[in-house]
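data.tsv (TSV, C-alpha atoms and all ligand atoms)
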chain	number	residue	atom	x	y	z
Q	903	MET	CA	23.59	2.50	-28.96
Q	904	THR	CA	24.93	0.08	-26.36
Q	905	ILE	CA	23.35	-0.59	-22.97
Q	906	LYS	CA	26.12	1.40	-21.27
Q	907	GLN	CA	25.74	4.44	-23.57
Q	908	THR	CA	21.94	4.35	-23.33
Q	909	LEU	CA	22.02	4.29	-19.54
Q	910	LYS	CA	24.51	7.16	-19.39
Q	911	SER	CA	22.42	9.38	-21.63
Q	912	ALA	CA	19.20	8.53	-19.74
Q	913	VAL	CA	20.79	9.31	-16.35
Q	914	THR	CA	21.92	12.73	-17.66
Q	915	LYS	CA	18.35	13.50	-18.85
Q	916	LEU	CA	16.78	12.43	-15.54
Q	917	LYS	CA	19.32	14.34	-13.44
Q	918	LYS	CA	18.58	17.51	-15.46
Q	919	GLN	CA	14.97	17.20	-14.28
Q	920	SER	CA	16.11	16.78	-10.63
Q	921	ILE	CA	15.02	13.13	-10.47
Q	922	MET	CA	16.87	12.05	-7.32
Q	923	SER	CA	16.99	8.33	-8.16
Q	924	ALA	CA	18.19	8.87	-11.76
Q	925	ILE	CA	20.65	5.95	-11.93
Q	926	LEU	CA	18.37	3.38	-10.33
Q	927	ASP	CA	15.37	4.55	-12.37
Q	928	ALA	CA	17.24	4.33	-15.67
Q	929	GLU	CA	18.39	0.81	-14.79
Q	930	ILE	CA	14.92	-0.36	-13.76
Q	931	LEU	CA	13.31	1.04	-16.90
Q	932	LEU	CA	15.93	-0.42	-19.25
Q	933	ALA	CA	15.73	-3.83	-17.57
Q	934	TYR	CA	11.93	-3.59	-17.94
Q	935	ILE	CA	12.17	-2.82	-21.68
Q	936	LEU	CA	14.66	-5.66	-22.22
Q	937	LYS	CA	12.55	-8.04	-20.05
Q	938	LYS	CA	15.74	-8.89	-18.11
Q	939	ASN	CA	16.92	-8.32	-14.57
Q	940	LYS	CA	19.27	-5.47	-13.63
Q	941	GLU	CA	22.32	-7.80	-13.44
Q	942	TYR	CA	21.96	-8.38	-17.20
Q	943	LEU	CA	22.73	-4.68	-17.81
Q	944	PHE	CA	26.06	-4.96	-16.00
Q	945	THR	CA	26.94	-8.32	-17.55
Q	946	TYR	CA	26.37	-7.16	-21.15
Q	947	PRO	CA	27.13	-3.40	-21.16
Q	948	GLU	CA	28.33	-3.50	-24.80
Q	949	LYS	CA	25.18	-5.15	-26.17
Q	950	THR	CA	23.44	-2.97	-28.75
Q	951	LEU	CA	19.76	-2.08	-28.36
Q	952	THR	CA	17.36	-2.45	-31.29
Q	953	LYS	CA	15.70	0.71	-32.66
Q	954	ASN	CA	12.40	-0.36	-31.17
Q	955	GLN	CA	13.88	-0.99	-27.70
Q	956	LEU	CA	15.65	2.36	-27.75
Q	957	SER	CA	12.55	4.24	-28.83
Q	958	ARG	CA	10.35	2.59	-26.16
Q	959	PHE	CA	13.00	3.22	-23.49
Q	960	ASN	CA	13.35	6.89	-24.46
Q	961	LYS	CA	9.57	7.33	-24.22
Q	962	LEU	CA	9.63	5.95	-20.66
Q	963	ILE	CA	12.55	8.21	-19.72
Q	964	ALA	CA	10.63	11.22	-21.08
Q	965	LYS	CA	7.62	10.23	-18.93
Q	966	ARG	CA	9.78	9.63	-15.86
Q	967	SER	CA	11.32	13.11	-16.41
Q	968	THR	CA	7.87	14.63	-15.80
Q	969	GLY	CA	7.79	12.93	-12.37
Q	970	ILE	CA	5.51	9.95	-13.14
Q	971	PRO	CA	6.44	7.29	-10.56
Q	972	ILE	CA	8.42	4.30	-11.82
Q	973	ALA	CA	5.71	1.88	-10.64
Q	974	TYR	CA	3.14	3.53	-12.94
Q	975	LEU	CA	5.54	3.05	-15.88
Q	976	THR	CA	6.36	-0.61	-15.21
Q	977	HIS	CA	2.89	-1.36	-13.67
Q	978	HIS	CA	4.59	-3.33	-10.90
Q	979	LYS	CA	5.49	-2.69	-7.27
Q	980	GLU	CA	6.96	-5.00	-4.67
Q	981	PHE	CA	5.28	-5.04	-1.27
Q	982	PHE	CA	5.88	-7.47	1.61
Q	983	GLY	CA	8.06	-9.56	-0.71
Q	984	LEU	CA	5.25	-9.94	-3.25
Q	985	ASP	CA	4.78	-8.47	-6.71
Q	986	PHE	CA	1.69	-6.27	-7.21
Q	987	TYR	CA	0.11	-4.83	-10.35
Q	988	VAL	CA	-0.51	-1.10	-10.07
Q	989	ASN	CA	-1.99	1.57	-12.33
Q	990	LYS	CA	-3.00	5.21	-11.95
Q	991	ASN	CA	-6.25	4.19	-10.22
Q	992	VAL	CA	-4.49	2.89	-7.12
Q	993	LEU	CA	-2.02	4.24	-4.60
Q	994	ILE	CA	1.42	2.68	-5.03
Q	995	PRO	CA	1.88	0.49	-1.91
Q	996	ARG	CA	4.43	2.06	0.46
Q	997	PRO	CA	7.13	0.30	2.53
Q	998	GLU	CA	5.70	1.96	5.70
Q	999	THR	CA	2.52	-0.07	5.23
Q	1000	GLU	CA	4.46	-3.30	5.76
Q	1001	LEU	CA	4.42	-2.37	9.48
Q	1002	LEU	CA	0.61	-2.47	9.43
Q	1003	VAL	CA	0.66	-5.94	7.84
Q	1004	ASP	CA	3.32	-7.14	10.32
Q	1005	GLU	CA	1.30	-5.98	13.33
Q	1006	THR	CA	-1.90	-7.49	11.95
Q	1007	LEU	CA	-0.18	-10.86	11.48
Q	1008	LYS	CA	1.15	-10.70	15.06
Q	1009	ILE	CA	-2.36	-10.08	16.42
Q	1010	LEU	CA	-3.81	-12.83	14.26
Q	1011	ASN	CA	-1.16	-15.19	15.59
Q	1012	LEU	CA	-1.99	-14.17	19.16
Q	1013	LEU	CA	-5.74	-14.64	18.73
Q	1014	ILE	CA	-5.28	-18.07	17.15
Q	1015	SER	CA	-2.82	-19.13	19.86
Q	1016	GLN	CA	-5.39	-18.20	22.53
Q	1017	SER	CA	-8.12	-20.34	21.00
Q	1018	SER	CA	-7.59	-23.15	18.51
Q	1019	ASN	CA	-11.29	-23.20	17.57
Q	1020	PHE	CA	-11.34	-19.53	16.68
Q	1021	SER	CA	-12.15	-18.78	13.03
Q	1022	PRO	CA	-11.30	-15.12	12.59
Q	1023	THR	CA	-12.55	-12.60	10.01
Q	1024	ILE	CA	-10.35	-9.69	8.96
Q	1025	ALA	CA	-11.48	-6.63	6.99
Q	1026	ASP	CA	-9.21	-4.15	5.20
Q	1027	ILE	CA	-10.90	-0.78	4.64
Q	1028	GLY	CA	-9.72	1.32	1.66
Q	1029	THR	CA	-7.83	-1.54	0.07
Q	1030	GLY	CA	-6.50	0.21	-3.07
Q	1031	SER	CA	-4.29	-2.28	-4.94
Q	1032	GLY	CA	-5.24	-4.96	-2.39
Q	1033	ALA	CA	-1.67	-5.00	-1.07
Q	1034	ILE	CA	-2.69	-5.35	2.59
Q	1035	PRO	CA	-5.22	-8.22	2.36
Q	1036	VAL	CA	-3.15	-10.11	-0.23
Q	1037	ALA	CA	-0.03	-9.83	1.96
Q	1038	ILE	CA	-2.03	-11.02	4.99
Q	1039	ALA	CA	-3.66	-13.88	3.07
Q	1040	SER	CA	-0.30	-14.98	1.65
Q	1041	ASN	CA	1.14	-15.29	5.17
Q	1042	VAL	CA	-1.85	-16.78	6.92
Q	1043	SER	CA	-1.08	-20.39	6.04
Q	1044	ALA	CA	2.33	-20.20	7.78
Q	1045	ILE	CA	0.63	-18.97	10.97
Q	1046	ARG	CA	-2.04	-21.66	10.76
Q	1047	GLU	CA	0.55	-24.40	10.22
Q	1048	SER	CA	2.69	-23.22	13.14
Q	1049	ARG	CA	-0.40	-23.17	15.37
Q	1050	LEU	CA	-1.95	-26.36	13.97
Q	1051	HIS	CA	-5.00	-24.26	13.21
Q	1052	SER	CA	-7.34	-25.78	10.67
Q	1053	LEU	CA	-10.33	-23.43	10.77
Q	1054	PRO	CA	-10.89	-20.95	7.94
Q	1055	ILE	CA	-9.61	-17.38	8.17
Q	1056	LYS	CA	-11.87	-15.07	6.21
Q	1057	ILE	CA	-10.56	-11.87	4.62
Q	1058	LEU	CA	-12.76	-9.03	3.32
Q	1059	ALA	CA	-11.62	-5.79	1.70
Q	1060	THR	CA	-13.51	-2.64	0.75
Q	1061	ASP	CA	-12.94	0.50	-1.29
Q	1062	ILE	CA	-15.03	3.40	-2.53
Q	1063	SER	CA	-13.23	3.23	-5.88
Q	1064	LYS	CA	-14.49	0.58	-8.31
Q	1065	PRO	CA	-11.35	0.78	-10.52
Q	1066	ALA	CA	-9.25	0.16	-7.39
Q	1067	LEU	CA	-11.34	-2.91	-6.53
Q	1068	LYS	CA	-10.76	-4.21	-10.07
Q	1069	MET	CA	-7.00	-3.93	-9.58
Q	1070	ALA	CA	-7.22	-5.47	-6.09
Q	1071	THR	CA	-9.13	-8.45	-7.53
Q	1072	LYS	CA	-6.43	-8.87	-10.18
Q	1073	ASN	CA	-3.76	-8.93	-7.45
Q	1074	ALA	CA	-5.73	-11.39	-5.31
Q	1075	ASN	CA	-5.95	-13.71	-8.33
Q	1076	LEU	CA	-2.26	-13.23	-9.15
Q	1077	HIS	CA	-1.37	-14.56	-5.71
Q	1078	ALA	CA	-4.12	-17.19	-5.61
Q	1079	THR	CA	-5.61	-15.67	-2.45
Q	1080	LYS	CA	-9.29	-15.79	-1.54
Q	1081	ILE	CA	-10.51	-12.33	-0.59
Q	1082	THR	CA	-14.07	-10.97	-0.73
Q	1083	PHE	CA	-14.07	-7.46	-2.20
Q	1084	LEU	CA	-16.92	-5.07	-1.37
Q	1085	HIS	CA	-17.69	-1.63	-2.75
Q	1086	GLY	CA	-18.80	1.24	-0.53
Q	1087	ASN	CA	-18.03	4.06	1.86
Q	1088	LEU	CA	-15.63	3.00	4.65
Q	1089	LEU	CA	-17.31	0.49	7.01
Q	1090	THR	CA	-20.74	0.61	5.33
Q	1091	PRO	CA	-20.28	-2.60	3.29
Q	1092	ILE	CA	-19.39	-4.60	6.43
Q	1093	LYS	CA	-21.68	-2.94	8.96
Q	1094	HIS	CA	-23.82	-6.07	9.47
Q	1095	LYS	CA	-20.89	-8.51	9.51
Q	1096	LYS	CA	-18.99	-9.85	12.49
Q	1097	ILE	CA	-15.36	-8.78	11.99
Q	1098	ASP	CA	-12.59	-9.60	14.48
Q	1099	ILE	CA	-9.77	-7.42	13.14
Q	1100	ILE	CA	-10.29	-4.23	11.14
Q	1101	VAL	CA	-7.26	-2.84	9.30
Q	1102	ALA	CA	-7.17	0.50	7.48
Q	1103	ASN	CA	-4.70	2.66	5.63
Q	1104	LEU	CA	-7.01	5.53	4.68
Q	1105	PRO	CA	-6.03	8.84	3.07
Q	1106	TYR	CA	-4.16	10.92	5.65
Q	1107	VAL	CA	-2.24	13.67	3.85
Q	1108	GLU	CA	-3.14	17.27	4.80
Q	1109	SER	CA	-4.99	18.82	1.83
Q	1110	THR	CA	-2.75	21.92	2.10
Q	1111	ASP	CA	0.15	19.68	0.99
Q	1112	LEU	CA	-1.47	19.50	-2.47
Q	1113	LYS	CA	0.20	22.80	-3.33
Q	1114	LYS	CA	3.64	22.03	-1.87
Q	1115	VAL	CA	5.43	20.14	-4.65
Q	1116	THR	CA	9.13	19.27	-4.24
Q	1117	PRO	CA	11.29	16.85	-6.31
Q	1118	ASN	CA	10.66	14.37	-3.47
Q	1119	THR	CA	6.88	14.64	-3.59
Q	1120	ILE	CA	6.21	15.30	-7.29
Q	1121	GLY	CA	5.12	11.67	-7.74
Q	1122	LEU	CA	2.06	12.32	-5.51
Q	1123	LYS	CA	0.68	14.51	-8.34
Q	1124	PHE	CA	0.11	11.34	-10.37
Q	1125	GLU	CA	-1.57	9.24	-7.66
Q	1126	PRO	CA	-5.37	9.30	-7.06
Q	1127	LYS	CA	-6.23	12.37	-4.93
Q	1128	ASP	CA	-8.97	10.42	-3.10
Q	1129	ALA	CA	-6.34	7.92	-1.96
Q	1130	LEU	CA	-4.10	10.59	-0.45
Q	1131	TYR	CA	-5.76	13.77	0.80
Q	1132	SER	CA	-8.20	14.01	3.68
Q	1133	GLY	CA	-9.05	17.54	4.81
Q	1134	PRO	CA	-6.98	20.30	6.43
Q	1135	ASP	CA	-5.32	18.09	9.08
Q	1136	GLY	CA	-5.46	14.87	7.03
Q	1137	LEU	CA	-7.82	13.18	9.48
Q	1138	ASP	CA	-11.27	13.62	7.93
Q	1139	ALA	CA	-11.45	10.02	6.67
Q	1140	TYR	CA	-10.44	8.65	10.10
Q	1141	ARG	CA	-13.05	10.89	11.84
Q	1142	GLN	CA	-15.77	9.35	9.68
Q	1143	PHE	CA	-14.24	5.88	10.05
Q	1144	PHE	CA	-14.33	5.97	13.88
Q	1145	THR	CA	-17.85	7.48	13.90
Q	1146	GLN	CA	-18.97	4.49	11.84
Q	1147	ALA	CA	-16.89	2.03	13.89
Q	1148	ALA	CA	-18.57	3.13	17.12
Q	1149	LYS	CA	-21.97	2.26	15.60
Q	1150	LEU	CA	-21.02	-1.26	14.45
Q	1151	LYS	CA	-23.40	-3.90	15.76
Q	1152	HIS	CA	-20.54	-6.34	16.41
Q	1153	LYS	CA	-17.50	-4.65	17.95
Q	1154	PRO	CA	-14.20	-5.92	16.51
Q	1155	LYS	CA	-11.53	-7.17	18.90
Q	1156	PHE	CA	-8.84	-5.00	17.30
Q	1157	ILE	CA	-8.61	-2.03	14.93
Q	1158	LEU	CA	-5.24	-1.21	13.34
Q	1159	ILE	CA	-4.68	1.96	11.34
Q	1160	GLU	CA	-1.79	3.60	9.51
Q	1161	TYR	CA	-1.51	7.38	9.65
Q	1162	GLY	CA	0.69	10.36	8.75
Q	1163	GLY	CA	3.13	10.70	11.63
Q	1164	PRO	CA	3.71	12.35	15.04
Q	1165	GLN	CA	1.88	15.58	14.07
Q	1166	GLN	CA	-1.38	13.57	13.95
Q	1167	THR	CA	-0.91	11.29	16.98
Q	1168	ALA	CA	-2.55	13.43	19.69
Q	1169	GLU	CA	-5.60	14.37	17.59
Q	1170	LEU	CA	-6.09	10.78	16.42
Q	1171	LYS	CA	-5.96	9.48	19.99
Q	1172	LYS	CA	-8.55	12.13	20.95
Q	1173	ILE	CA	-10.86	10.96	18.14
Q	1174	ILE	CA	-10.45	7.31	19.17
Q	1175	LYS	CA	-11.00	8.01	22.89
Q	1176	ALA	CA	-14.15	10.02	22.10
Q	1177	HIS	CA	-15.69	6.95	20.45
Q	1178	PHE	CA	-14.05	4.18	22.49
Q	1179	PRO	CA	-13.29	5.61	25.97
Q	1180	THR	CA	-12.13	2.27	27.42
Q	1181	ALA	CA	-10.02	1.09	24.48
Q	1182	LYS	CA	-6.32	0.30	24.92
Q	1183	ILE	CA	-4.33	2.34	22.41
Q	1184	GLN	CA	-0.78	1.51	21.37
Q	1185	ASN	CA	1.54	3.39	19.01
Q	1186	LYS	CA	4.05	1.79	16.65
Q	1187	LYS	CA	6.89	3.61	14.93
Q	1188	ASP	CA	8.09	2.99	11.37
Q	1189	LEU	CA	11.70	2.31	10.32
Q	1190	CYS	CA	12.40	6.07	10.31
Q	1191	GLY	CA	11.35	6.24	13.97
Q	1192	LEU	CA	8.12	8.10	13.19
Q	1193	ASP	CA	4.69	7.30	14.64
Q	1194	ARG	CA	2.94	5.33	11.90
Q	1195	VAL	CA	0.49	2.73	13.22
Q	1196	ILE	CA	-2.06	2.74	16.03
Q	1197	ILE	CA	-3.37	-0.52	17.46
Q	1198	ILE	CA	-6.69	-0.27	19.27
Q	1199	LYS	CA	-7.79	-3.14	21.49
Q	1200	LEU	CA	-11.52	-2.95	22.14
Q	1301	LIG	C1	-3.93	5.63	1.28
Q	1301	LIG	S1	-4.80	4.64	0.09
Q	1301	LIG	C2	-4.34	3.04	0.69
Q	1301	LIG	C3	-4.44	1.95	-0.30
Q	1301	LIG	C4	-3.96	0.59	0.23
Q	1301	LIG	N1	-4.71	0.20	1.41
Q	1301	LIG	C5	-2.48	0.61	0.55
Q	1301	LIG	O1	-2.13	0.59	1.74
Q	1301	LIG	O2	-1.65	0.66	-0.37
Q	1301	LIG	C6	-6.45	4.85	0.63
Q	1301	LIG	C7	-7.52	4.04	-0.08
Q	1301	LIG	O3	-8.78	4.34	0.55
Q	1301	LIG	C8	-9.78	4.49	-0.42
Q	1301	LIG	N2	-10.81	5.37	0.13
Q	1301	LIG	C9	-10.78	6.71	0.26
Q	1301	LIG	N3	-11.92	7.15	0.82
Q	1301	LIG	C10	-12.68	6.04	1.05
Q	1301	LIG	C11	-13.97	5.85	1.60
Q	1301	LIG	N4	-14.70	6.86	2.04
Q	1301	LIG	N5	-14.44	4.58	1.69
Q	1301	LIG	C12	-13.71	3.53	1.24
Q	1301	LIG	N6	-12.49	3.67	0.70
Q	1301	LIG	C13	-11.98	4.91	0.61
Q	1301	LIG	C14	-9.08	5.06	-1.64
Q	1301	LIG	O4	-9.80	4.80	-2.82
Q	1301	LIG	C15	-7.72	4.34	-1.56
Q	1301	LIG	O5	-7.75	3.16	-2.30
Output the file's structure as structure tokens, nothing else.
Amino acid sequence: MTIKQTLKSAVTKLKKQSIMSAILDAEILLAYILKKNKEYLFTYPEKTLTKNQLSRFNKLIAKRSTGIPIAYLTHHKEFFGLDFYVNKNVLIPRPETELLVDETLKILNLLISQSSNFSPTIADIGTGSGAIPVAIASNVSAIRESRLHSLPIKILATDISKPALKMATKNANLHATKITFLHGNLLTPIKHKKIDIIVANLPYVESTDLKKVTPNTIGLKFEPKDALYSGPDGLDAYRQFFTQAAKLKHKPKFILIEYGGPQQTAELKKIIKAHFPTAKIQNKKDLCGLDRVIIIKL
């Protein structure tokens, strides 16, 4: 079969299973099997696939038809312009989370600009694939150069999942970034350390959503439950996080968190105010115009 025929047949199969991104998915998976980029498929549509290529491609299409996310089939996901390894042990990094990285970099820039002899420490809590700290570390040198800042910037990252930490370490090595990974529950591994900026994208999906599966959300079924769900209103992890944060010996200057959207904003602010009554709280919206990040200045 040629590339063109193979793609056509795969798209038909995926559409039958209500896979919304059938065309794009078929193209990504075929390019992955051929170890080429997508342009190659359009440049050589009449090229014939080998038996082995066709059989491996069809297996991936069968898996994709069950709803397994593309990133778990190719083991790659782009985030903040960088390539990350992913497997079933880690949440697939989401585009929304780029906002959290952006805001963290802005604050880092601000803190460095205020004091050239400031050597900040950042901690990412619930690091998963390591997407957040690796993206921060990869952009830190540009900030330091623009600010003529020569002091070290230390980055720590924690997770309760050891397999996730293994993947995060692999990603840190892939991008030649220096990150200290620590295992443990939320802020416990850093409770004695002096941290300036704490960043977290903890599980925030309402546990009742586990039962509501649509073609749009079927992929969630294949991601680690502990990375997604967090009690009836999705805020259990953040309740525990802020309880721990209030007890930290050294108060951070900033805490930035990502969360589920406008339905959680009021309750989250209540939780934060209960632990940090004088904190300045600022909301940031994602590209869809939905509340997504809260910045807390302590
Ligand atoms: C929503 S995922 C985010 C992963 C990654 N930070 C990202 O943005 O792609 C939440 C992560 O928090 C971790 N996690 C859940 N509960 C935790 C806890 N009590 N302590 C530490 N990490 C936890 C999960 O293992 C998962 O990796």
Once you count all atoms listed in the file, what closest atom pair and distance in Å to one decimal does each residue of chain Q within 8 Å of ligand LIG 1301 (chain Q) have, with rows by chain and rising residue number, as a tab-separated table?
residue	atom	partner	partner_atom	distance
Q:Val992	CA	Q:LIG1301	O5	5.8
Q:Leu993	CA	Q:LIG1301	C3	5.4
Q:Ile994	CA	Q:LIG1301	O2	5.9
Q:Pro995	CA	Q:LIG1301	O2	3.9
Q:Arg996	CA	Q:LIG1301	O2	6.3
Q:Thr999	CA	Q:LIG1301	O1	5.9
Q:Asp1026	CA	Q:LIG1301	N1	7.3
Q:Ile1027	CA	Q:LIG1301	N6	6.2
Q:Gly1028	CA	Q:LIG1301	O3	3.4
Q:Thr1029	CA	Q:LIG1301	N1	3.8
Q:Gly1030	CA	Q:LIG1301	O5	3.3
Q:Ser1031	CA	Q:LIG1301	C4	5.9
Q:Gly1032	CA	Q:LIG1301	C4	6.3
Q:Ala1033	CA	Q:LIG1301	O2	5.7
Q:Ile1034	CA	Q:LIG1301	N1	6.0
Q:Thr1060	CA	Q:LIG1301	C12	6.2
Q:Asp1061	CA	Q:LIG1301	N6	3.8
Q:Ile1062	CA	Q:LIG1301	C12	4.0
Q:Ser1063	CA	Q:LIG1301	O4	4.9
Q:Ala1066	CA	Q:LIG1301	O5	6.1
Q:His1085	CA	Q:LIG1301	C12	7.6
Q:Gly1086	CA	Q:LIG1301	C12	5.9
Q:Asn1087	CA	Q:LIG1301	N5	3.6
Q:Leu1088	CA	Q:LIG1301	N5	3.6
Q:Leu1089	CA	Q:LIG1301	N5	7.3
Q:Ala1102	CA	Q:LIG1301	N1	6.6
Q:Asn1103	CA	Q:LIG1301	N1	4.9
Q:Leu1104	CA	Q:LIG1301	C6	4.1
Q:Pro1105	CA	Q:LIG1301	C1	4.2
Q:Tyr1106	CA	Q:LIG1301	C1	6.9
Q:Pro1126	CA	Q:LIG1301	O4	7.6
Q:Asp1128	CA	Q:LIG1301	C9	5.3
Q:Ala1129	CA	Q:LIG1301	C15	3.9
Q:Leu1130	CA	Q:LIG1301	C1	5.3
Q:Ala1139	CA	Q:LIG1301	N4	6.5
Considering only C-alpha atoms, can you say which of Q:Leu1122, Q:Val1036, Q:Val1101, Q:Leu1002 comes closest to Q:Lys1080? Q:Val1036
Residue contacts of stretch 919-934 of chain Q (12 Å, only C-alpha atoms) excluding same-chain residues fewer than 4 positions away, as a ChimeraX atom specification: /Q:904-915,938-944,946-947,951,955-979,1116-1121
Give me a file of those residues, with C-alpha atoms, as an mmCIF file, in the frame of the given file.
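For reference, result.cif as written:
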data_model
loop_
_atom_site.group_PDB
_atom_site.id
_atom_site.type_symbol
_atom_site.label_atom_id
_atom_site.label_comp_id
_atom_site.auth_asym_id
_atom_site.auth_seq_id
_atom_site.Cartn_x
_atom_site.Cartn_y
_atom_site.Cartn_z
ATOM 1 C CA THR Q 904 24.930 0.080 -26.360
ATOM 2 C CA ILE Q 905 23.350 -0.590 -22.970
ATOM 3 C CA LYS Q 906 26.120 1.400 -21.270
ATOM 4 C CA GLN Q 907 25.740 4.440 -23.570
ATOM 5 C CA THR Q 908 21.940 4.350 -23.330
ATOM 6 C CA LEU Q 909 22.020 4.290 -19.540
ATOM 7 C CA LYS Q 910 24.510 7.160 -19.390
ATOM 8 C CA SER Q 911 22.420 9.380 -21.630
ATOM 9 C CA ALA Q 912 19.200 8.530 -19.740
ATOM 10 C CA VAL Q 913 20.790 9.310 -16.350
ATOM 11 C CA THR Q 914 21.920 12.730 -17.660
ATOM 12 C CA LYS Q 915 18.350 13.500 -18.850
ATOM 13 C CA LYS Q 938 15.740 -8.890 -18.110
ATOM 14 C CA ASN Q 939 16.920 -8.320 -14.570
ATOM 15 C CA LYS Q 940 19.270 -5.470 -13.630
ATOM 16 C CA GLU Q 941 22.320 -7.800 -13.440
ATOM 17 C CA TYR Q 942 21.960 -8.380 -17.200
ATOM 18 C CA LEU Q 943 22.730 -4.680 -17.810
ATOM 19 C CA PHE Q 944 26.060 -4.960 -16.000
ATOM 20 C CA TYR Q 946 26.370 -7.160 -21.150
ATOM 21 C CA PRO Q 947 27.130 -3.400 -21.160
ATOM 22 C CA LEU Q 951 19.760 -2.080 -28.360
ATOM 23 C CA GLN Q 955 13.880 -0.990 -27.700
ATOM 24 C CA LEU Q 956 15.650 2.360 -27.750
ATOM 25 C CA SER Q 957 12.550 4.240 -28.830
ATOM 26 C CA ARG Q 958 10.350 2.590 -26.160
ATOM 27 C CA PHE Q 959 13.000 3.220 -23.490
ATOM 28 C CA ASN Q 960 13.350 6.890 -24.460
ATOM 29 C CA LYS Q 961 9.570 7.330 -24.220
ATOM 30 C CA LEU Q 962 9.630 5.950 -20.660
ATOM 31 C CA ILE Q 963 12.550 8.210 -19.720
ATOM 32 C CA ALA Q 964 10.630 11.220 -21.080
ATOM 33 C CA LYS Q 965 7.620 10.230 -18.930
ATOM 34 C CA ARG Q 966 9.780 9.630 -15.860
ATOM 35 C CA SER Q 967 11.320 13.110 -16.410
ATOM 36 C CA THR Q 968 7.870 14.630 -15.800
ATOM 37 C CA GLY Q 969 7.790 12.930 -12.370
ATOM 38 C CA ILE Q 970 5.510 9.950 -13.140
ATOM 39 C CA PRO Q 971 6.440 7.290 -10.560
ATOM 40 C CA ILE Q 972 8.420 4.300 -11.820
ATOM 41 C CA ALA Q 973 5.710 1.880 -10.640
ATOM 42 C CA TYR Q 974 3.140 3.530 -12.940
ATOM 43 C CA LEU Q 975 5.540 3.050 -15.880
ATOM 44 C CA THR Q 976 6.360 -0.610 -15.210
ATOM 45 C CA HIS Q 977 2.890 -1.360 -13.670
ATOM 46 C CA HIS Q 978 4.590 -3.330 -10.900
ATOM 47 C CA LYS Q 979 5.490 -2.690 -7.270
ATOM 48 C CA THR Q 1116 9.130 19.270 -4.240
ATOM 49 C CA PRO Q 1117 11.290 16.850 -6.310
ATOM 50 C CA ASN Q 1118 10.660 14.370 -3.470
ATOM 51 C CA THR Q 1119 6.880 14.640 -3.590
ATOM 52 C CA ILE Q 1120 6.210 15.300 -7.290
ATOM 53 C CA GLY Q 1121 5.120 11.670 -7.740
#
Pick from Q:Asp1193, Q:Asn954, Q:Ile1081, Q:Phe1156: nearest to Q:Leu1012, with all atoms listed in the file counted? Q:Phe1156
Pick out the closest residue to Q:Asn1019 from this set: Q:Ser1040, Q:Thr1071, Q:Thr1006, Q:Ser1052. Count only C-alpha atoms.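 The answer is Q:Ser1052, which sits nearest to Q:Asn1019.
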Which of Q:Cys1190, Q:Leu1001, Q:Leu1058, Q:Val1107 sits closest to Q:Gln1165 [using only C-alpha atoms]: Q:Val1107
Enter the distance from atom CA of Q:Lys1114 to atom CA of Q:Ile1173, in Å, rounded to one decimal.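 One can read the atom CA of Q:Lys1114 to atom CA of Q:Ile1173 distance as 27.1 Å.
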Show me, as lines of an AutoDock Vina configuration file, the centre and edge lengths in Å to one decimal of the axis-aligned box that covers every listed atom of stretch 1142-1147 of chain Q with 3 Å on each side.
center_x = -16.6
center_y = 5.7
center_z = 11.8
size_x = 10.7
size_y = 13.3
size_z = 10.2
Using only C-alpha atoms: which of Q:Gln1146, Q:Asp1098, Q:Asn991, Q:Ile1198 has the shortest distance to Q:Ile1174: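 Closest to Q:Ile1174, using only C-alpha atoms: Q:Ile1198.
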Give me, please, the distance in Å between atom CA of Q:Ile1197 and atom CA of Q:Gln1184, quoted to one decimal. 5.1 Å
Point out the residue among Q:Lys1171, Q:Gly1191, Q:Phe1124, Q:His1051 with the least atom-to-atom distance to Q:Tyr1140, counting all atoms listed in the file.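 Looking at the shortest contact to Q:Tyr1140, the residue is Q:Lys1171.
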Atomic distance atom CA of Q:Ala1147 - atom CA of Q:Thr1023, expressed in Å with one decimal: 15.7 Å
Expected answer as a ChimeraX atom specification: all residues with atoms within 10 Å of (-7.2, -12.4, -5.7), all atoms listed in the file: /Q:1032,1035-1036,1039,1068-1083
For the residues in that selection, give me C-alpha atoms as a PDB file, in the coordinates of the input.
ATOM      1  CA  GLY Q1032      -5.240  -4.960  -2.390  1.00  0.00           C
ATOM      2  CA  PRO Q1035      -5.220  -8.220   2.360  1.00  0.00           C
ATOM      3  CA  VAL Q1036      -3.150 -10.110  -0.230  1.00  0.00           C
ATOM      4  CA  ALA Q1039      -3.660 -13.880   3.070  1.00  0.00           C
ATOM      5  CA  LYS Q1068     -10.760  -4.210 -10.070  1.00  0.00           C
ATOM      6  CA  MET Q1069      -7.000  -3.930  -9.580  1.00  0.00           C
ATOM      7  CA  ALA Q1070      -7.220  -5.470  -6.090  1.00  0.00           C
ATOM      8  CA  THR Q1071      -9.130  -8.450  -7.530  1.00  0.00           C
ATOM      9  CA  LYS Q1072      -6.430  -8.870 -10.180  1.00  0.00           C
ATOM     10  CA  ASN Q1073      -3.760  -8.930  -7.450  1.00  0.00           C
ATOM     11  CA  ALA Q1074      -5.730 -11.390  -5.310  1.00  0.00           C
ATOM     12  CA  ASN Q1075      -5.950 -13.710  -8.330  1.00  0.00           C
ATOM     13  CA  LEU Q1076      -2.260 -13.230  -9.150  1.00  0.00           C
ATOM     14  CA  HIS Q1077      -1.370 -14.560  -5.710  1.00  0.00           C
ATOM     15  CA  ALA Q1078      -4.120 -17.190  -5.610  1.00  0.00           C
ATOM     16  CA  THR Q1079      -5.610 -15.670  -2.450  1.00  0.00           C
ATOM     17  CA  LYS Q1080      -9.290 -15.790  -1.540  1.00  0.00           C
ATOM     18  CA  ILE Q1081     -10.510 -12.330  -0.590  1.00  0.00           C
ATOM     19  CA  THR Q1082     -14.070 -10.970  -0.730  1.00  0.00           C
ATOM     20  CA  PHE Q1083     -14.070  -7.460  -2.200  1.00  0.00           C
TER      21      PHE Q1083
END
